[in-house]
$ cat coords11.cif   # mmCIF, C-alpha atoms
data_query
#
loop_
_atom_site.label_atom_id
_atom_site.label_comp_id
_atom_site.auth_asym_id
_atom_site.auth_seq_id
_atom_site.Cartn_x
_atom_site.Cartn_y
_atom_site.Cartn_z
CA MET H 18 25.41 34.70 -32.11
CA ALA H 19 22.56 35.18 -29.64
CA ARG H 20 20.30 33.16 -31.92
CA VAL H 21 22.82 30.29 -32.12
CA LYS H 22 23.02 30.32 -28.34
CA LEU H 23 19.22 30.22 -28.06
CA VAL H 24 18.97 27.29 -30.47
CA LEU H 25 21.70 25.39 -28.61
CA ARG H 26 19.92 26.00 -25.32
CA LEU H 27 16.60 24.84 -26.72
CA LEU H 28 18.30 21.70 -28.10
CA VAL H 29 19.78 20.87 -24.70
CA LEU H 30 16.40 21.48 -23.06
CA ALA H 31 14.61 19.30 -25.63
CA PHE H 32 17.14 16.52 -25.16
CA PHE H 33 16.70 16.69 -21.39
CA ALA H 34 12.89 16.64 -21.73
CA LEU H 35 13.03 13.63 -24.06
CA PHE H 36 15.36 11.88 -21.64
CA LEU H 37 12.94 12.40 -18.76
CA HIS H 38 10.01 11.34 -20.94
CA TYR H 39 11.82 8.09 -21.66
CA VAL H 40 12.97 7.34 -18.12
CA LEU H 41 10.11 8.51 -15.85
CA PRO H 42 7.22 6.13 -15.13
CA GLN H 43 3.93 6.50 -17.02
CA HIS H 44 0.60 4.75 -16.61
CA ASP H 45 -1.50 3.08 -19.30
CA ILE H 46 -4.93 1.52 -18.93
CA VAL H 47 -5.01 -1.75 -20.83
CA LYS H 48 -6.51 -5.19 -21.16
CA VAL H 49 -3.86 -7.89 -21.37
CA THR H 50 -4.52 -10.16 -24.35
CA SER H 51 -1.51 -12.47 -24.34
CA THR H 52 2.09 -12.91 -23.36
CA GLU H 53 4.95 -14.24 -25.42
CA VAL H 54 8.69 -14.68 -25.62
CA ILE H 55 10.61 -13.86 -28.77
CA ARG H 56 14.28 -14.29 -29.52
CA THR H 57 15.89 -10.93 -30.21
CA ASP H 58 19.11 -9.83 -31.88
CA PHE H 59 19.79 -6.25 -31.00
CA SER H 60 21.30 -3.83 -33.49
CA SER H 61 23.63 -1.03 -32.51
CA PHE H 62 20.70 1.38 -33.06
CA ASN H 63 18.16 -0.15 -30.75
CA ARG H 64 20.49 -1.71 -28.17
CA ILE H 65 20.28 1.31 -25.85
CA PHE H 66 16.49 1.01 -25.77
CA PHE H 67 16.69 -2.37 -24.05
CA ALA H 68 17.86 -3.40 -20.61
CA GLN H 69 19.81 -6.63 -20.10
CA SER H 70 19.14 -10.27 -19.31
CA ASP H 71 17.64 -11.28 -15.99
CA SER H 72 19.85 -9.79 -13.32
CA GLY H 73 21.32 -13.12 -12.20
CA ALA H 74 22.37 -14.12 -15.73
CA VAL H 75 24.99 -12.93 -18.22
CA SER H 76 23.96 -10.74 -21.17
CA PRO H 77 24.85 -12.20 -24.57
CA ASP H 78 24.18 -10.49 -27.91
CA THR H 79 21.11 -12.55 -28.62
CA ARG H 80 18.54 -13.57 -26.09
CA ASP H 81 14.89 -14.13 -25.35
CA LEU H 82 12.68 -11.15 -24.66
CA ARG H 83 9.45 -11.34 -22.68
CA LEU H 84 6.61 -9.41 -24.28
CA ILE H 85 3.12 -8.51 -23.02
CA ASN H 86 0.50 -7.89 -25.71
CA THR H 87 -2.35 -5.61 -24.73
CA GLN H 88 -5.31 -3.62 -25.99
CA LYS H 89 -4.73 -0.10 -24.69
CA GLN H 90 -7.34 2.54 -23.91
CA SER H 91 -6.39 5.74 -25.73
CA THR H 92 -5.27 8.52 -23.44
CA TYR H 93 -6.79 11.99 -23.46
CA LEU H 94 -5.77 13.75 -26.67
CA LEU H 95 -3.38 16.56 -25.69
CA GLY H 96 -4.48 15.90 -22.12
CA PHE H 97 -8.00 17.33 -22.61
CA ILE H 98 -10.09 15.58 -25.26
CA LYS H 99 -11.48 12.24 -24.19
CA ARG H 100 -11.29 9.40 -26.70
CA ASP H 101 -13.16 6.14 -26.42
CA THR H 102 -10.93 4.29 -28.83
CA SER H 103 -8.35 1.66 -28.09
CA ARG H 104 -5.33 0.34 -29.93
CA VAL H 105 -2.80 -2.42 -29.45
CA MET H 106 0.26 -1.88 -27.35
CA VAL H 107 3.17 -4.23 -26.76
CA TYR H 108 5.34 -4.00 -23.67
CA ARG H 109 8.62 -5.69 -23.04
CA ASN H 110 9.24 -7.13 -19.61
CA GLU H 111 12.90 -6.98 -18.62
CA ASP H 112 14.86 -6.76 -15.39
CA THR H 113 16.51 -3.40 -14.98
CA GLY H 114 18.47 -4.90 -12.09
CA TRP H 115 21.03 -2.60 -10.50
CA ILE H 116 21.65 -0.91 -13.81
CA TRP H 117 20.04 2.04 -15.55
CA PRO H 118 17.26 3.17 -15.31
CA PRO H 119 17.06 2.90 -11.51
CA TYR H 120 13.84 0.94 -11.14
CA PHE H 121 15.63 -1.94 -9.40
CA LYS H 122 13.27 -4.41 -11.04
CA PHE H 123 14.21 -8.07 -10.57
CA ASN H 124 10.83 -9.71 -10.89
CA SER H 125 10.20 -9.85 -14.63
CA ALA H 126 9.43 -13.58 -14.43
CA ASP H 127 6.82 -12.90 -11.72
CA LEU H 128 5.37 -10.02 -13.69
CA GLN H 129 5.10 -12.28 -16.74
CA ALA H 130 3.15 -14.76 -14.63
CA VAL H 131 0.83 -11.96 -13.49
CA ALA H 132 0.33 -10.89 -17.10
CA ALA H 133 -0.38 -14.46 -18.19
CA ASN H 134 -2.95 -14.73 -15.43
CA LEU H 135 -4.58 -11.45 -16.48
CA ALA H 136 -4.68 -12.57 -20.12
CA ARG H 137 -7.10 -15.34 -19.16
CA GLY H 138 -9.70 -12.87 -17.90
CA ASP H 139 -11.16 -9.61 -19.14
CA GLU H 140 -9.98 -7.24 -16.44
CA TRP H 141 -8.83 -3.64 -16.76
CA VAL H 142 -5.25 -3.15 -15.70
CA VAL H 143 -3.01 -0.17 -15.02
CA VAL H 144 0.44 -0.79 -16.44
CA THR H 145 3.26 1.32 -15.03
CA HIS H 146 6.00 1.53 -17.61
CA TYR H 147 8.86 3.58 -18.95
CA GLY H 148 10.29 3.79 -22.46
CA TRP H 149 8.96 4.20 -25.97
CA ARG H 150 7.28 1.99 -28.52
CA ASN H 151 8.97 2.62 -31.84
CA ARG H 152 7.99 0.33 -34.73
CA TRP H 153 10.82 1.47 -36.94
CA LEU H 154 13.51 0.72 -34.34
CA SER H 155 11.55 -2.23 -32.83
CA THR H 156 11.65 -0.86 -29.31
CA TYR H 157 9.07 -1.44 -26.58
CA PRO H 158 8.28 0.28 -23.31
CA ASN H 159 9.32 -1.77 -20.30
CA ALA H 160 6.38 -2.75 -18.07
CA VAL H 161 7.32 -2.32 -14.42
CA LYS H 162 4.13 -3.01 -12.51
CA MET H 163 0.56 -4.14 -13.20
CA ARG H 164 -2.45 -3.64 -11.00
CA THR H 165 -6.09 -4.42 -11.69
CA ILE H 166 -8.72 -1.69 -11.53
CA ALA H 167 -12.52 -1.64 -11.56
CA GLY H 168 -13.00 0.16 -14.87
CA PRO H 169 -11.20 2.21 -17.52
CA ASP H 170 -12.35 5.55 -16.04
CA VAL H 171 -9.97 5.76 -13.10
CA THR H 172 -8.02 8.90 -12.26
CA ILE H 173 -4.35 8.18 -11.88
CA ILE H 174 -2.25 10.69 -9.95
CA PRO H 175 1.45 10.37 -10.82
CA TRP H 176 2.75 10.77 -7.27
CA PHE H 177 6.26 9.69 -8.10
CA ASN H 178 6.61 12.19 -10.93
CA ILE H 179 5.20 15.02 -8.78
CA GLY H 180 7.74 14.22 -6.08
CA PHE H 181 10.51 13.87 -8.63
CA PHE H 182 9.93 17.28 -10.22
CA ILE H 183 9.70 18.98 -6.81
CA PHE H 184 13.00 17.32 -5.88
CA LEU H 185 14.54 18.34 -9.21
CA LEU H 186 13.51 21.98 -8.70
CA ILE H 187 14.94 22.04 -5.17
CA ALA H 188 18.16 20.37 -6.34
CA MET H 189 18.57 22.87 -9.19
CA LEU H 190 18.03 25.86 -6.88
CA PHE H 191 20.50 24.34 -4.41
CA VAL H 192 23.17 23.82 -7.08
CA ARG H 193 22.61 27.40 -8.25
CA ALA H 194 23.09 28.69 -4.71
CA MET H 195 26.24 26.59 -4.33
CA TRP H 196 27.61 27.84 -7.63
CA ARG H 197 26.99 31.48 -6.68
CA GLN H 198 28.57 31.01 -3.27
CA PHE H 199 31.61 29.34 -4.83
CA TRP H 200 31.94 32.14 -7.38
CA GLU H 201 31.51 34.87 -4.79
CA ARG H 202 33.87 33.43 -2.19
CA ALA H 203 36.51 31.56 -4.20
CA VAL H 204 36.71 32.86 -7.77
CA ASP H 205 35.87 36.58 -7.58
CA PRO H 206 38.54 37.39 -4.93
CA VAL H 207 41.19 35.66 -7.05
CA LEU H 208 40.05 37.47 -10.19
CA ASP H 209 39.99 40.77 -8.28
CA SER H 210 43.52 40.37 -7.00
CA ALA H 211 44.69 39.25 -10.45
CA GLY H 212 43.02 42.31 -11.98
CA HIS H 213 44.61 44.49 -9.33
CA ARG H 214 48.04 43.06 -10.06
CA MET H 215 47.45 43.56 -13.78
CA ASP H 216 46.54 47.20 -13.14
CA GLU H 217 49.72 47.64 -11.13
CA ALA H 218 51.83 46.07 -13.87
CA GLN H 219 50.22 48.27 -16.50
CA ALA H 220 50.74 51.35 -14.36
CA GLY H 221 54.39 50.33 -13.99
CA ILE H 222 54.80 50.00 -17.75
CA ALA H 223 53.14 53.38 -18.34
CA GLU H 224 55.41 54.93 -15.76
CA ARG H 225 58.54 53.48 -17.37
CA ARG H 226 57.35 54.49 -20.83
CA SER H 227 56.74 58.04 -19.74
CA ARG H 228 60.17 58.14 -18.13
CA LEU H 229 61.65 56.87 -21.41
CA SER H 230 59.77 59.43 -23.51
CA ARG H 231 60.78 62.14 -21.10
CA TRP H 232 64.38 61.00 -21.52
CA PHE H 233 64.04 61.01 -25.31
CA GLY H 234 62.21 64.32 -25.17
CA ARG H 235 64.97 65.83 -23.15
CA LYS H 236 67.48 64.80 -25.74
CA MET L 25 29.02 -7.57 -11.25
CA ALA L 26 26.43 -4.84 -11.63
CA PHE L 27 25.77 -4.51 -7.90
CA ILE L 28 29.43 -3.91 -7.07
CA LYS L 29 29.63 -1.37 -9.90
CA LEU L 30 26.60 0.44 -8.48
CA VAL L 31 28.10 0.47 -4.98
CA ILE L 32 31.49 1.79 -6.14
CA PHE L 33 30.20 4.47 -8.52
CA GLY L 34 27.36 5.38 -6.16
CA PHE L 35 29.87 5.85 -3.36
CA ILE L 36 32.07 8.06 -5.54
CA ALA L 37 29.11 10.18 -6.68
CA LEU L 38 27.74 10.56 -3.15
CA THR L 39 31.21 11.49 -1.84
CA VAL L 40 31.46 14.27 -4.41
CA ILE L 41 28.01 15.53 -3.37
CA TYR L 42 28.93 15.20 0.32
CA TRP L 43 32.06 17.31 0.01
CA SER L 44 30.34 19.90 -2.18
CA ILE L 45 27.61 20.37 0.41
CA ALA L 46 30.08 20.32 3.33
CA ILE L 47 32.24 23.03 1.73
CA TYR L 48 29.17 25.07 0.77
CA SER L 49 27.72 24.89 4.26
CA ARG L 50 31.04 25.92 5.82
CA SER L 51 31.38 28.81 3.37
CA VAL L 52 27.87 30.09 4.13
CA ARG L 53 28.55 29.89 7.88
CA ARG L 54 31.85 31.75 7.54
CA GLU L 55 30.23 34.48 5.48
CA ARG L 56 27.51 34.86 8.09
CA LEU L 57 30.09 35.12 10.88
CA GLU L 58 31.98 37.80 8.93
CA ASN L 59 28.80 39.77 8.39
CA GLU L 60 27.82 39.40 12.04
CA PHE L 61 31.17 40.73 13.21
CA ASP L 62 31.09 43.63 10.76
CA ALA L 63 27.57 44.55 11.87
CA GLU L 64 28.48 44.47 15.56
CA ASN L 65 31.76 46.36 15.11
CA PRO L 66 31.22 48.92 12.37
CA GLY L 67 34.42 50.50 11.13
CA SER L 68 36.60 48.11 13.12
CA THR L 69 40.13 47.58 11.84
CA ASP L 70 41.10 44.95 14.42
CA ARG L 71 41.81 42.02 12.12
CA ALA L 72 42.97 39.75 14.96
CA ALA L 73 39.66 40.12 16.82
CA ARG L 74 37.73 39.47 13.62
CA ASP L 75 39.78 36.33 12.85
CA ALA L 76 39.36 35.09 16.44
CA TYR L 77 35.59 35.65 16.31
CA ILE L 78 35.32 33.72 13.03
CA ALA L 79 37.61 30.91 14.25
CA GLN L 80 35.50 30.52 17.40
CA GLY L 81 32.31 30.52 15.32
CA MET L 82 33.71 27.84 13.01
CA ARG L 83 34.74 25.72 16.02
CA ASP L 84 31.17 26.01 17.36
CA TYR L 85 29.86 25.04 13.93
CA ASN L 86 32.14 22.00 13.71
CA SER L 87 30.99 20.68 17.08
CA SER L 88 27.29 21.26 16.31
CA ILE L 89 24.95 18.73 14.73
CA ARG L 90 24.72 20.51 11.37
CA PRO L 91 27.88 19.13 9.71
CA ARG L 92 26.90 15.61 10.81
CA LEU L 93 23.49 16.00 9.19
CA ILE L 94 25.25 16.24 5.83
CA GLY L 95 26.01 12.53 6.32
CA LEU L 96 22.35 11.99 5.40
CA VAL L 97 23.55 12.40 1.82
CA TYR L 98 24.74 8.79 2.13
CA VAL L 99 21.75 7.48 4.09
CA VAL L 100 18.81 8.91 2.13
CA PRO L 101 19.69 7.49 -1.32
CA MET L 102 20.33 4.05 0.22
CA LEU L 103 16.94 4.18 1.92
CA ALA L 104 15.34 5.33 -1.34
CA ILE L 105 16.92 2.41 -3.21
CA ALA L 106 15.72 -0.02 -0.55
CA ILE L 107 12.16 1.35 -0.66
CA ILE L 108 12.01 1.40 -4.48
CA THR L 109 13.37 -2.14 -4.67
CA TYR L 110 10.76 -3.34 -2.21
CA LEU L 111 7.83 -1.52 -3.84
CA ILE L 112 8.74 -2.64 -7.34
CA ASN L 113 9.42 -6.29 -6.58
CA MET L 114 6.79 -7.21 -3.99
CA ASN L 115 3.81 -9.04 -5.38
#
$ encode --input "coords11.cif" --output "structure tokens"
Amino acid sequence: MARVKLVLRLLVLAFFALFLHYVLPQHDIVKVTSTEVIRTDFSSFNRIFFAQSDSGAVSPDTRDLRLINTQKQSTYLLGFIKRDTSRVMVYRNEDTGWIWPPYFKFNSADLQAVAANLARGDEWVVVTHYGWRNRWLSTYPNAVKMRTIAGPDVTIIPWFNIGFFIFLLIAMLFVRAMWRQFWERAVDPVLDSAGHRMDEAQAGIAERRSRLSRWFGRK
Amino acid sequence: MAFIKLVIFGFIALTVIYWSIAIYSRSVRRERLENEFDAENPGSTDRAARDAYIAQGMRDYNSSIRPRLIGLVYVVPMLAIAIITYLINMN
């Protein structure tokens, strides 16, 4: 039973970690090669990996999708080993609007113009994005912001993610404190008095039983 | 529309958080008042005095700035949304 519990806990933790890995912003160092628009019909499998139409428009089942094609500098292998290789990476460029995830991005047309401009030159660019590229499901990470840099060897400090995890830790400790306070002040007293009443009832039954047995014994 | 949906559900979520924190803060304050009274009057059996002390303490708490600060639960996320929207969409 303990092992089942452990596995369930690890599954929940893994799901939560994957969720955060999908939703939190990440940075890639790329060269933009081209931009394009393709018409897309979403399936029920990959629909959740896309946002919706531009935030002022309605969202039909089939629509155009802005893509940004890039050559991406490989990241450090396991975070330590430097690699001087590059590979292609394709980003989608969609409004998240007021809907999930909360990036409040409305400027995908502007960002596409920036990308088209960058594709003419040979500049290094940092792309802030969230999401996953999955060839099998045809999903793309959503580019949120692009900014030019001097060279591919910049150090990027993920300030937002640092702040987010500090906030998450504080929020979790706070919820734990609230839960304990609630349990201590509201639930335990009720359980105690219920237990007390139960004890009294059981004592009453025992008393009556002993009276009964005494009566039978006397007979 | 998505914006109205965000406002309605955001308001509901923030109201739940607001009341949770308000009740928690009150509960912590009441516990502290109880402990203070018990520390100052060890072995006291005067329930009326204890209740009066706690009631007075809770009145002081209600008129202090602390419960109003919990209203920041509504303000901070709105500010965060405004800042994120600006930072993401400015060119």
$ resolve_selection --input "coords11.cif" --expression "the PyMOL selection byres ((chain H) within 6 of (chain L))" --output "PyMOL selection string"
chain H and resi 115+121+124
$ atom_distance --input "coords11.cif" --atom1 "CA of Asn63 in chain H" --atom2 "CA of Thr156 in chain H"
6.7 Å
$ resolve_selection --input "coords11.cif" --expression "the PyMOL selection byres ((chain H and resi 141-154) around 9)" --output "PyMOL selection string"
chain H and resi 38-49+62-63+66+106-108+135+139-140+155-169
$ atom_distance --input "coords11.cif" --atom1 "CA of Ile65 in chain H" --atom2 "CA of Ala133 in chain H"
27.1 Å
$ axis_aligned_box --input "coords11.cif" --around "range 91-98 of chain L" --padding-each-side "6 Å" --output "JSON"
{"center_x": 25.1, "center_y": 14.0, "center_z": 6.3, "size_x": 17.5, "size_y": 22.3, "size_z": 21.0}
$ atom_distance --input "coords11.cif" --atom1 "CA of Arg56 in chain L" --atom2 "CA of Val204 in chain H"
18.4 Å
$ closest_residue --input "coords11.cif" --among "L:Val99, L:Ile94, L:Ala37, L:Leu57" --to "Arg74 in chain L" --atoms "only C-alpha atoms"
L:Leu57
$ resolve_selection --input "coords11.cif" --expression "the PyMOL selection byres ((chain H and resi 123) around 6)" --output "PyMOL selection string"
chain H and resi 112+114+122+124-125
$ residues_around --input "coords11.cif" --residues "Arg83 in chain L" --least-positions-apart "4" --cutoff "12 Å" --atoms "only C-alpha atoms" --output "JSON, numbers by chain"
{"L": [50, 53, 54, 57, 76, 77, 78, 79, 87, 88, 91]}
$ write_last_selection --input "coords11.cif" --atoms "C-alpha atoms" --output "PDB file, in the coordinates of the input"
ATOM      1  CA  ARG L  50      31.040  25.920   5.820  1.00  0.00           C
ATOM      2  CA  ARG L  53      28.550  29.890   7.880  1.00  0.00           C
ATOM      3  CA  ARG L  54      31.850  31.750   7.540  1.00  0.00           C
ATOM      4  CA  LEU L  57      30.090  35.120  10.880  1.00  0.00           C
ATOM      5  CA  ALA L  76      39.360  35.090  16.440  1.00  0.00           C
ATOM      6  CA  TYR L  77      35.590  35.650  16.310  1.00  0.00           C
ATOM      7  CA  ILE L  78      35.320  33.720  13.030  1.00  0.00           C
ATOM      8  CA  ALA L  79      37.610  30.910  14.250  1.00  0.00           C
ATOM      9  CA  SER L  87      30.990  20.680  17.080  1.00  0.00           C
ATOM     10  CA  SER L  88      27.290  21.260  16.310  1.00  0.00           C
ATOM     11  CA  PRO L  91      27.880  19.130   9.710  1.00  0.00           C
TER      12      PRO L  91
END
$ residues_around --input "coords11.cif" --residues "Lys99 in chain H" --least-positions-apart "6" --cutoff "12 Å" --atoms "all atoms listed in the file" --output "list in words"
Gln90, Ser91, Thr92, Tyr93 and Asp170 of chain H
